[in-house]
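Asker: Mind looking over this structure? Questions follow.
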Amino acid sequence: MTTENPYIKQYPELMAGKTVLYCHGFASSGQSGTVTRLRTVMPNARVIAPDLPVNPHEAIALLHTICEQEKPNLIIGTSMGGMYTEQLRGFDRICINPALEIAETMKAHGMTGTQQFQNPRQDGVQEFYVDKALVKAYRDVSEQRFQGLTPEDEQRVYGLFGDKDDLVDTMGMFCEHYSQATHFHGEHRMDDRSYMHSVVPVIRWIDDMQEKRERPIIYIGIETLMDGNQKPASSAQKAVRLLIEHYQVYFVAPMSKYATTLSWLEEYINVPAWQHTIFTPRRELLYGDYLIREKRAEARGENTLATVLEYGSDTFKTWEDIIEYFSRLGGQ
């Protein structure tokens, strides 16, 4: 089912029956546009989005209480909320542009003095005042980051950082403690496109992991995605977005093209290729269900148990042909 928004799609099965806690950013509320996106995309999930107190000590205490009572299956936090989310140990979490040094961010970007809330709040309050004492409180709370981190908990946290974020830059700090971090195409505040292309794939990976769900595997040869000018082939990006909805998709390239492949995938495929890229000279050794490769004479020697789709052949001349093929399969 598609909403009126051209970028937003609904996935009734995504996190169905589960509880998702959202932690909003500075001067925002539980009525933000991100909350609307979460509830639209995951209509069968229960999304909790409280208005966080301005005082950070009260905010983190409230979040700990909610976590104890609700036992959320997933916590998502943006900016200031990402800073809080990182500290909520024992849960699967996604930190989006986390403001891990929020006191410094507030001072550097004029977030002191009288501030207006960007979204309506349930108490009707429209503005608040940030003084030195409140900035110190934010510093004290933010300095609790990474405390009590365990190896098990380290694997349950994902960090997403906008490559055009001009407000917060904490990816280096984050990566000193967490291995699951990547850039997405976007600014500090996510829009519909960056949310769908960057956050939703990670939510799907977490949901699959929690359910121990195994999707059919598709390997895509990197050569099939590029045109003669090293730009995305027609409908290639569209195909990837559709395929990851039902399949576990991996991108395959030879080791000789390691650096150029990573750079190309980061630019044109982005988050769906993160941790889903394989470099090998022996594609026939890959264990999976489908292999999409370019039609060429030397490929005939690649004997594989996977069903082979030869891109450029009479049957699969274009990516639209491949999209049609998999649409008929219905995720099988």
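Letters A, B, ... mark the chains of the structure tokens in the order given; residue numbers begin at 1 per chain; ligand numbers begin at 1, in order shown.
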Could you pull the residues within 7 Å of range 5-19 of chain A, counting only C-alpha atoms, minus those fewer than 2 positions along the same chain, as a ChimeraX atom specification?

Answerer: /A:1-3,21,40-47,72-74,192-193,196,204,207

Asker: Could you save those same residues with N, CA, C and O atoms as a PDB file, in the first residue's frame?

Answerer:
```pdb
ATOM      1  N   MET A   1       0.854  -1.193   0.000  1.00  0.00           N
ATOM      2  CA  MET A   1       0.000   0.000   0.000  1.00  0.00           C
ATOM      3  C   MET A   1       0.885   1.237   0.000  1.00  0.00           C
ATOM      4  O   MET A   1       1.814   1.355   0.787  1.00  0.00           O
ATOM      5  N   THR A   2       0.596   2.209  -0.819  1.00  0.00           N
ATOM      6  CA  THR A   2       1.380   3.421  -0.929  1.00  0.00           C
ATOM      7  C   THR A   2       0.560   4.609  -0.454  1.00  0.00           C
ATOM      8  O   THR A   2      -0.608   4.748  -0.795  1.00  0.00           O
ATOM      9  N   THR A   3       1.159   5.480   0.362  1.00  0.00           N
ATOM     10  CA  THR A   3       0.483   6.677   0.818  1.00  0.00           C
ATOM     11  C   THR A   3       0.570   7.728  -0.276  1.00  0.00           C
ATOM     12  O   THR A   3       1.158   7.531  -1.322  1.00  0.00           O
ATOM     13  N   LEU A  21      10.369   2.613  20.635  1.00  0.00           N
ATOM     14  CA  LEU A  21      10.475   3.859  21.391  1.00  0.00           C
ATOM     15  C   LEU A  21      11.278   4.866  20.581  1.00  0.00           C
ATOM     16  O   LEU A  21      12.383   4.558  20.116  1.00  0.00           O
ATOM     17  N   THR A  40       3.631   5.663  10.024  1.00  0.00           N
ATOM     18  CA  THR A  40       3.111   5.408   8.683  1.00  0.00           C
ATOM     19  C   THR A  40       3.762   4.174   8.072  1.00  0.00           C
ATOM     20  O   THR A  40       3.078   3.310   7.511  1.00  0.00           O
ATOM     21  N   VAL A  41       5.071   4.100   8.167  1.00  0.00           N
ATOM     22  CA  VAL A  41       5.809   2.989   7.546  1.00  0.00           C
ATOM     23  C   VAL A  41       5.561   1.682   8.279  1.00  0.00           C
ATOM     24  O   VAL A  41       5.505   0.616   7.662  1.00  0.00           O
ATOM     25  N   MET A  42       5.403   1.738   9.612  1.00  0.00           N
ATOM     26  CA  MET A  42       5.197   0.521  10.415  1.00  0.00           C
ATOM     27  C   MET A  42       3.836   0.588  11.095  1.00  0.00           C
ATOM     28  O   MET A  42       3.739   0.754  12.315  1.00  0.00           O
ATOM     29  N   PRO A  43       2.743   0.457  10.334  1.00  0.00           N
ATOM     30  CA  PRO A  43       1.406   0.668  10.898  1.00  0.00           C
ATOM     31  C   PRO A  43       1.011  -0.343  11.961  1.00  0.00           C
ATOM     32  O   PRO A  43       0.107  -0.075  12.765  1.00  0.00           O
ATOM     33  N   ASN A  44       1.664  -1.503  11.985  1.00  0.00           N
ATOM     34  CA  ASN A  44       1.304  -2.523  12.967  1.00  0.00           C
ATOM     35  C   ASN A  44       2.280  -2.603  14.132  1.00  0.00           C
ATOM     36  O   ASN A  44       2.223  -3.536  14.937  1.00  0.00           O
ATOM     37  N   ALA A  45       3.186  -1.629  14.222  1.00  0.00           N
ATOM     38  CA  ALA A  45       4.056  -1.508  15.387  1.00  0.00           C
ATOM     39  C   ALA A  45       3.462  -0.471  16.337  1.00  0.00           C
ATOM     40  O   ALA A  45       2.731   0.435  15.927  1.00  0.00           O
ATOM     41  N   ARG A  46       3.775  -0.596  17.588  1.00  0.00           N
ATOM     42  CA  ARG A  46       3.350   0.383  18.596  1.00  0.00           C
ATOM     43  C   ARG A  46       4.506   1.345  18.822  1.00  0.00           C
ATOM     44  O   ARG A  46       5.540   0.966  19.358  1.00  0.00           O
ATOM     45  N   VAL A  47       4.343   2.579  18.389  1.00  0.00           N
ATOM     46  CA  VAL A  47       5.402   3.578  18.486  1.00  0.00           C
ATOM     47  C   VAL A  47       5.120   4.492  19.672  1.00  0.00           C
ATOM     48  O   VAL A  47       4.106   5.192  19.714  1.00  0.00           O
ATOM     49  N   PRO A  72      10.908  -1.984  25.193  1.00  0.00           N
ATOM     50  CA  PRO A  72      10.801  -1.787  23.744  1.00  0.00           C
ATOM     51  C   PRO A  72      11.681  -2.758  22.965  1.00  0.00           C
ATOM     52  O   PRO A  72      12.786  -3.091  23.393  1.00  0.00           O
ATOM     53  N   ASN A  73      11.177  -3.189  21.821  1.00  0.00           N
ATOM     54  CA  ASN A  73      11.953  -4.064  20.946  1.00  0.00           C
ATOM     55  C   ASN A  73      13.020  -3.293  20.184  1.00  0.00           C
ATOM     56  O   ASN A  73      14.028  -3.875  19.760  1.00  0.00           O
ATOM     57  N   LEU A  74      12.793  -2.000  20.012  1.00  0.00           N
ATOM     58  CA  LEU A  74      13.741  -1.159  19.294  1.00  0.00           C
ATOM     59  C   LEU A  74      13.617   0.266  19.804  1.00  0.00           C
ATOM     60  O   LEU A  74      12.514   0.745  20.056  1.00  0.00           O
ATOM     61  N   ASP A 192      12.030  12.560   4.090  1.00  0.00           N
ATOM     62  CA  ASP A 192      11.381  11.293   3.759  1.00  0.00           C
ATOM     63  C   ASP A 192      12.312  10.361   2.986  1.00  0.00           C
ATOM     64  O   ASP A 192      12.366   9.160   3.240  1.00  0.00           O
ATOM     65  N   ARG A 193      13.055  10.921   2.050  1.00  0.00           N
ATOM     66  CA  ARG A 193      13.912  10.091   1.203  1.00  0.00           C
ATOM     67  C   ARG A 193      15.028   9.444   2.021  1.00  0.00           C
ATOM     68  O   ARG A 193      15.247   8.232   1.924  1.00  0.00           O
ATOM     69  N   MET A 196      13.604   6.686   4.303  1.00  0.00           N
ATOM     70  CA  MET A 196      13.233   5.440   3.634  1.00  0.00           C
ATOM     71  C   MET A 196      14.454   4.678   3.135  1.00  0.00           C
ATOM     72  O   MET A 196      14.507   3.448   3.210  1.00  0.00           O
ATOM     73  N   ARG A 204      14.678  -3.086   9.157  1.00  0.00           N
ATOM     74  CA  ARG A 204      14.347  -4.399   8.603  1.00  0.00           C
ATOM     75  C   ARG A 204      15.389  -5.437   9.018  1.00  0.00           C
ATOM     76  O   ARG A 204      15.045  -6.568   9.366  1.00  0.00           O
ATOM     77  N   ASP A 207      14.697  -6.272  12.653  1.00  0.00           N
ATOM     78  CA  ASP A 207      13.483  -7.083  12.758  1.00  0.00           C
ATOM     79  C   ASP A 207      13.757  -8.525  12.340  1.00  0.00           C
ATOM     80  O   ASP A 207      13.335  -9.480  13.009  1.00  0.00           O
TER      81      ASP A 207
END
```

Asker: Give me, as a PyMOL selection string, all polymer residues having an atom no more than 7 Å from Trp319 in chain A, counting only C-alpha atoms and skipping those fewer than 5 positions away in the same chain.

Answerer: chain A and resi 234-236+239

Asker: The selected residues should be written to file as a PDB file, in the first residue's frame (atoms: all heavy atoms).

Answerer:
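The file below, again.pdb, is the result:
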```
ATOM      1  N   SER A 234      20.033   2.195 -15.900  1.00  0.00           N
ATOM      2  CA  SER A 234      18.624   2.562 -15.815  1.00  0.00           C
ATOM      3  C   SER A 234      17.848   1.574 -14.938  1.00  0.00           C
ATOM      4  O   SER A 234      17.918   0.362 -15.152  1.00  0.00           O
ATOM      5  CB  SER A 234      18.018   2.611 -17.220  1.00  0.00           C
ATOM      6  OG  SER A 234      16.643   2.926 -17.161  1.00  0.00           O
ATOM      7  N   SER A 235      17.128   2.094 -13.961  1.00  0.00           N
ATOM      8  CA  SER A 235      16.279   1.330 -13.034  1.00  0.00           C
ATOM      9  C   SER A 235      17.057   0.452 -12.057  1.00  0.00           C
ATOM     10  O   SER A 235      16.448  -0.292 -11.286  1.00  0.00           O
ATOM     11  CB  SER A 235      15.257   0.466 -13.785  1.00  0.00           C
ATOM     12  OG  SER A 235      14.335   1.270 -14.493  1.00  0.00           O
ATOM     13  N   ALA A 236      18.390   0.531 -12.032  1.00  0.00           N
ATOM     14  CA  ALA A 236      19.174  -0.303 -11.115  1.00  0.00           C
ATOM     15  C   ALA A 236      18.904   0.076  -9.660  1.00  0.00           C
ATOM     16  O   ALA A 236      18.698  -0.788  -8.800  1.00  0.00           O
ATOM     17  CB  ALA A 236      20.664  -0.188 -11.428  1.00  0.00           C
ATOM     18  N   ALA A 239      15.504  -1.039  -8.636  1.00  0.00           N
ATOM     19  CA  ALA A 239      15.473  -2.484  -8.416  1.00  0.00           C
ATOM     20  C   ALA A 239      16.016  -2.841  -7.037  1.00  0.00           C
ATOM     21  O   ALA A 239      15.433  -3.677  -6.319  1.00  0.00           O
ATOM     22  CB  ALA A 239      16.272  -3.203  -9.497  1.00  0.00           C
TER      23      ALA A 239
END
```

Asker: Where does DSSP see strand (DSSP E or B) in range 71-280 of chain A, if you list the residues as a ChimeraX atom specification?

Answerer: /A:74-78,93-96,113-116,127-130,157-162,181-184,217-221,226,232,248-253,277-279

Asker: At what distance in Å, to one decimal, does CA of Asp208 in chain A lie from CA of Ile48 in chain A?

Answerer: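 Interatomic distance, CA of Ile48 in chain A to CA of Asp208 in chain A: 20.9 Å.
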
Asker: Sorted by chain and rising residue number, list the residues of range 200-224 of chain A at most 12 Å from range 169-189 of chain A (counting only C-alpha atoms), each with its closest atom pair and distance in Å to one decimal, as JSON lines.

Answerer:
```
{"residue": "A:Val200", "atom": "CA", "partner": "A:Phe184", "partner_atom": "CA", "distance": 11.9}
{"residue": "A:Pro201", "atom": "CA", "partner": "A:Phe184", "partner_atom": "CA", "distance": 11.6}
{"residue": "A:Val202", "atom": "CA", "partner": "A:Gln180", "partner_atom": "CA", "distance": 10.7}
```

Asker: Once you have the residues from the selection above, write them out as a PDB file, in the first residue's frame, restricted to all heavy atoms.

Answerer:
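See selection03.pdb below for the written result:
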```pdb
ATOM      1  N   VAL A 200      14.994   2.728   7.261  1.00  0.00           N
ATOM      2  CA  VAL A 200      14.117   1.559   7.105  1.00  0.00           C
ATOM      3  C   VAL A 200      14.891   0.268   6.822  1.00  0.00           C
ATOM      4  O   VAL A 200      14.577  -0.773   7.392  1.00  0.00           O
ATOM      5  CB  VAL A 200      13.044   1.827   6.022  1.00  0.00           C
ATOM      6  CG1 VAL A 200      12.257   0.551   5.718  1.00  0.00           C
ATOM      7  CG2 VAL A 200      12.099   2.928   6.487  1.00  0.00           C
ATOM      8  N   PRO A 201      15.933   0.280   5.952  1.00  0.00           N
ATOM      9  CA  PRO A 201      16.694  -0.960   5.771  1.00  0.00           C
ATOM     10  C   PRO A 201      17.307  -1.484   7.070  1.00  0.00           C
ATOM     11  O   PRO A 201      17.328  -2.704   7.302  1.00  0.00           O
ATOM     12  CB  PRO A 201      17.792  -0.560   4.770  1.00  0.00           C
ATOM     13  CG  PRO A 201      17.190   0.558   3.994  1.00  0.00           C
ATOM     14  CD  PRO A 201      16.386   1.328   4.998  1.00  0.00           C
ATOM     15  N   VAL A 202      17.785  -0.590   7.927  1.00  0.00           N
ATOM     16  CA  VAL A 202      18.380  -1.027   9.199  1.00  0.00           C
ATOM     17  C   VAL A 202      17.301  -1.580  10.125  1.00  0.00           C
ATOM     18  O   VAL A 202      17.512  -2.593  10.800  1.00  0.00           O
ATOM     19  CB  VAL A 202      19.141   0.131   9.860  1.00  0.00           C
ATOM     20  CG1 VAL A 202      19.753  -0.321  11.194  1.00  0.00           C
ATOM     21  CG2 VAL A 202      20.252   0.647   8.942  1.00  0.00           C
TER      22      VAL A 202
END
```

Asker: Could you pull out the residues in range 127-324 of chain A that DSSP calls helix (DSSP H, G or I) from the backbone, as a PyMOL selection string?

Answerer: chain A and resi 132-142+151-154+171-175+192-211+222-225+236-243+255-268+271-273+283-285+297-301+319-324

Asker: Would you kindly return, as JSON, numbers by chain, each protein, DNA or RNA residue with an atom no farther than 12 Å from any atom of Ala133 in chain A, considering only C-alpha atoms and excluding same-chain residues fewer than 5 positions away?

Answerer: {"A": [55, 56, 103, 112, 113, 138, 139, 140]}

Asker: Store the residues picked out above in a file with N, CA, C and O atoms, as a short mmCIF file (atom, residue, chain, number, x, y, z; two decimals), in the first residue's frame.

Answerer:
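Listed below is the output, again-v2.cif:
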```cif
data_model
loop_
_atom_site.label_atom_id
_atom_site.label_comp_id
_atom_site.auth_asym_id
_atom_site.auth_seq_id
_atom_site.Cartn_x
_atom_site.Cartn_y
_atom_site.Cartn_z
N ASN A 55 14.93 19.41 31.02
CA ASN A 55 16.05 19.06 31.89
C ASN A 55 16.55 17.66 31.53
O ASN A 55 15.78 16.70 31.57
N PRO A 56 17.82 17.51 31.15
CA PRO A 56 18.31 16.21 30.67
C PRO A 56 18.33 15.12 31.74
O PRO A 56 18.17 13.95 31.41
N ALA A 103 26.31 19.76 24.81
CA ALA A 103 26.57 21.07 25.41
C ALA A 103 27.41 21.93 24.48
O ALA A 103 27.14 23.13 24.30
N THR A 112 21.13 28.63 23.07
CA THR A 112 20.99 29.07 24.45
C THR A 112 20.05 30.28 24.47
O THR A 112 19.67 30.82 23.44
N GLY A 113 19.67 30.67 25.69
CA GLY A 113 18.68 31.74 25.81
C GLY A 113 17.28 31.21 25.55
O GLY A 113 17.00 30.01 25.69
N TYR A 138 23.27 19.35 30.63
CA TYR A 138 23.41 18.58 29.39
C TYR A 138 24.81 18.00 29.27
O TYR A 138 24.99 16.85 28.84
N ARG A 139 25.81 18.78 29.66
CA ARG A 139 27.17 18.26 29.61
C ARG A 139 27.33 17.07 30.55
O ARG A 139 27.93 16.05 30.19
N ASP A 140 26.80 17.18 31.75
CA ASP A 140 26.92 16.09 32.73
C ASP A 140 26.28 14.81 32.22
O ASP A 140 26.85 13.71 32.35
#
```

Asker: Fewer than 4 positions away in the same chain doesn't count, so skip those; otherwise give me all residues within 12 Å of Asp153 in chain A, counting only C-alpha atoms, as a ChimeraX atom specification.

Answerer: /A:86-93,146-149,157-158,177-180

Asker: Now that the selection is made, can you save its residues with all heavy atoms as a short mmCIF file (atom, residue, chain, number, x, y, z; two decimals), in the first residue's frame?

Answerer:
```
data_model
loop_
_atom_site.label_atom_id
_atom_site.label_comp_id
_atom_site.auth_asym_id
_atom_site.auth_seq_id
_atom_site.Cartn_x
_atom_site.Cartn_y
_atom_site.Cartn_z
N GLU A 86 21.84 6.12 22.99
CA GLU A 86 23.10 5.40 23.19
C GLU A 86 23.24 4.90 24.61
O GLU A 86 23.83 3.84 24.86
CB GLU A 86 24.27 6.31 22.81
CG GLU A 86 25.63 5.63 22.79
CD GLU A 86 26.25 5.49 24.16
OE1 GLU A 86 26.07 6.41 25.00
OE2 GLU A 86 26.94 4.48 24.41
N GLN A 87 22.66 5.60 25.58
CA GLN A 87 22.84 5.26 26.99
C GLN A 87 21.82 4.25 27.50
O GLN A 87 21.92 3.80 28.65
CB GLN A 87 22.76 6.54 27.83
CG GLN A 87 23.85 7.55 27.52
CD GLN A 87 23.79 8.79 28.40
OE1 GLN A 87 23.36 8.72 29.54
NE2 GLN A 87 24.24 9.92 27.87
N LEU A 88 20.85 3.88 26.69
CA LEU A 88 19.80 2.95 27.13
C LEU A 88 20.24 1.52 26.87
O LEU A 88 19.85 0.89 25.90
CB LEU A 88 18.48 3.29 26.43
CG LEU A 88 17.97 4.71 26.69
CD1 LEU A 88 16.73 5.01 25.85
CD2 LEU A 88 17.68 4.93 28.17
N ARG A 89 21.08 1.01 27.74
CA ARG A 89 21.70 -0.30 27.57
C ARG A 89 20.68 -1.43 27.54
O ARG A 89 19.64 -1.37 28.17
CB ARG A 89 22.71 -0.54 28.70
CG ARG A 89 23.76 0.55 28.85
CD ARG A 89 24.92 0.35 27.91
NE ARG A 89 25.86 1.46 28.01
CZ ARG A 89 25.92 2.49 27.18
NH1 ARG A 89 25.11 2.53 26.13
NH2 ARG A 89 26.78 3.46 27.35
N GLY A 90 21.05 -2.48 26.82
CA GLY A 90 20.27 -3.71 26.85
C GLY A 90 19.17 -3.80 25.82
O GLY A 90 18.35 -4.73 25.87
N PHE A 91 19.14 -2.87 24.87
CA PHE A 91 18.09 -2.87 23.85
C PHE A 91 18.73 -2.69 22.47
O PHE A 91 19.80 -2.11 22.34
CB PHE A 91 17.08 -1.74 24.09
CG PHE A 91 16.36 -1.83 25.40
CD1 PHE A 91 16.87 -1.20 26.53
CD2 PHE A 91 15.19 -2.57 25.52
CE1 PHE A 91 16.21 -1.28 27.76
CE2 PHE A 91 14.52 -2.66 26.74
CZ PHE A 91 15.03 -2.02 27.86
N ASP A 92 18.04 -3.16 21.43
CA ASP A 92 18.46 -2.86 20.06
C ASP A 92 18.18 -1.38 19.81
O ASP A 92 17.07 -0.89 20.10
CB ASP A 92 17.70 -3.73 19.06
CG ASP A 92 18.09 -5.19 19.17
OD1 ASP A 92 19.26 -5.48 19.47
OD2 ASP A 92 17.21 -6.05 18.95
N ARG A 93 19.17 -0.67 19.22
CA ARG A 93 19.04 0.78 19.13
C ARG A 93 19.63 1.30 17.83
O ARG A 93 20.59 0.74 17.31
CB ARG A 93 19.76 1.47 20.31
CG ARG A 93 19.45 0.81 21.62
CD ARG A 93 19.84 1.61 22.82
NE ARG A 93 21.25 1.73 23.10
CZ ARG A 93 22.04 0.74 23.52
NH1 ARG A 93 21.56 -0.48 23.64
NH2 ARG A 93 23.31 0.96 23.81
N PHE A 146 28.77 5.91 26.73
CA PHE A 146 29.65 4.74 26.65
C PHE A 146 29.90 4.08 28.00
O PHE A 146 30.60 3.07 28.07
CB PHE A 146 31.00 5.10 26.00
CG PHE A 146 30.90 5.90 24.75
CD1 PHE A 146 31.65 7.05 24.57
CD2 PHE A 146 30.02 5.52 23.74
CE1 PHE A 146 31.55 7.81 23.42
CE2 PHE A 146 29.91 6.27 22.57
CZ PHE A 146 30.68 7.42 22.41
N GLN A 147 29.34 4.59 29.09
CA GLN A 147 29.57 3.97 30.40
C GLN A 147 28.80 2.65 30.49
O GLN A 147 27.65 2.56 30.10
CB GLN A 147 29.15 4.92 31.53
CG GLN A 147 30.03 6.14 31.66
CD GLN A 147 29.66 7.01 32.86
OE1 GLN A 147 28.88 6.60 33.72
NE2 GLN A 147 30.21 8.22 32.91
N GLY A 148 29.47 1.65 31.03
CA GLY A 148 28.83 0.34 31.21
C GLY A 148 28.63 -0.43 29.94
O GLY A 148 27.87 -1.41 29.90
N LEU A 149 29.32 -0.03 28.89
CA LEU A 149 29.16 -0.71 27.60
C LEU A 149 29.80 -2.09 27.64
O LEU A 149 30.93 -2.25 28.08
CB LEU A 149 29.81 0.14 26.50
CG LEU A 149 29.65 -0.34 25.05
CD1 LEU A 149 28.19 -0.39 24.67
CD2 LEU A 149 30.42 0.59 24.12
N VAL A 157 23.84 -1.82 18.71
CA VAL A 157 23.70 -0.40 18.43
C VAL A 157 24.19 -0.09 17.03
O VAL A 157 25.28 -0.50 16.63
CB VAL A 157 24.48 0.45 19.46
CG1 VAL A 157 24.28 1.94 19.17
CG2 VAL A 157 24.01 0.13 20.87
N TYR A 158 23.38 0.65 16.28
CA TYR A 158 23.72 1.10 14.95
C TYR A 158 23.81 2.62 14.96
O TYR A 158 22.96 3.29 15.55
CB TYR A 158 22.68 0.67 13.92
CG TYR A 158 22.59 -0.82 13.71
CD1 TYR A 158 21.91 -1.65 14.62
CD2 TYR A 158 23.16 -1.42 12.59
CE1 TYR A 158 21.83 -3.02 14.42
CE2 TYR A 158 23.08 -2.79 12.38
CZ TYR A 158 22.42 -3.59 13.30
OH TYR A 158 22.34 -4.94 13.11
N HIS A 177 33.89 3.25 19.95
CA HIS A 177 33.22 2.31 20.85
C HIS A 177 32.28 1.34 20.14
O HIS A 177 31.96 0.28 20.68
CB HIS A 177 32.43 3.09 21.90
CG HIS A 177 33.27 4.01 22.74
ND1 HIS A 177 33.89 3.60 23.90
CD2 HIS A 177 33.62 5.31 22.55
CE1 HIS A 177 34.58 4.61 24.41
NE2 HIS A 177 34.43 5.66 23.61
N TYR A 178 31.83 1.70 18.94
CA TYR A 178 30.89 0.87 18.20
C TYR A 178 31.41 0.62 16.78
O TYR A 178 31.97 1.53 16.15
CB TYR A 178 29.51 1.54 18.11
CG TYR A 178 28.82 1.73 19.44
CD1 TYR A 178 28.80 2.98 20.07
CD2 TYR A 178 28.18 0.67 20.06
CE1 TYR A 178 28.17 3.16 21.28
CE2 TYR A 178 27.53 0.84 21.28
CZ TYR A 178 27.53 2.08 21.89
OH TYR A 178 26.91 2.26 23.09
N SER A 179 31.19 -0.60 16.29
CA SER A 179 31.68 -0.95 14.96
C SER A 179 30.62 -0.77 13.88
O SER A 179 30.95 -0.71 12.70
CB SER A 179 32.15 -2.41 14.95
OG SER A 179 31.09 -3.29 15.30
N GLN A 180 29.35 -0.68 14.28
CA GLN A 180 28.26 -0.61 13.29
C GLN A 180 27.85 0.84 13.07
O GLN A 180 26.89 1.33 13.66
CB GLN A 180 27.09 -1.47 13.76
CG GLN A 180 27.48 -2.93 13.93
CD GLN A 180 26.29 -3.82 14.26
OE1 GLN A 180 26.04 -4.81 13.57
NE2 GLN A 180 25.55 -3.49 15.31
#
```

Asker: Would you pick out the contacts of Val249 in chain A at 8 Å or less, using only C-alpha atoms, so that residues sharing its chain but fewer than 4 positions from it are not included, and give the list as a PDB file with C-alpha atoms, in the first residue's frame?

Answerer:
```pdb
ATOM      1  CA  ILE A 217      19.596 -14.450  -0.877  1.00  0.00           C
ATOM      2  CA  ILE A 218      20.282 -12.470  -4.037  1.00  0.00           C
ATOM      3  CA  TYR A 219      23.851 -11.747  -5.150  1.00  0.00           C
ATOM      4  CA  ILE A 220      24.215  -8.837  -7.557  1.00  0.00           C
ATOM      5  CA  LEU A 243      14.529  -6.235  -3.849  1.00  0.00           C
ATOM      6  CA  ILE A 244      15.664  -5.441  -0.301  1.00  0.00           C
ATOM      7  CA  HIS A 276      26.391  -6.375   2.385  1.00  0.00           C
TER       8      HIS A 276
END
```

Asker: With only C-alpha atoms as the atoms that count, which of A:Leu285, A:Val199, A:Ala61, A:Ile222 lies nearest to Tyr258 in chain A?

Answerer: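 The shortest atom-to-atom distance to Tyr258 in chain A comes from A:Ile222.
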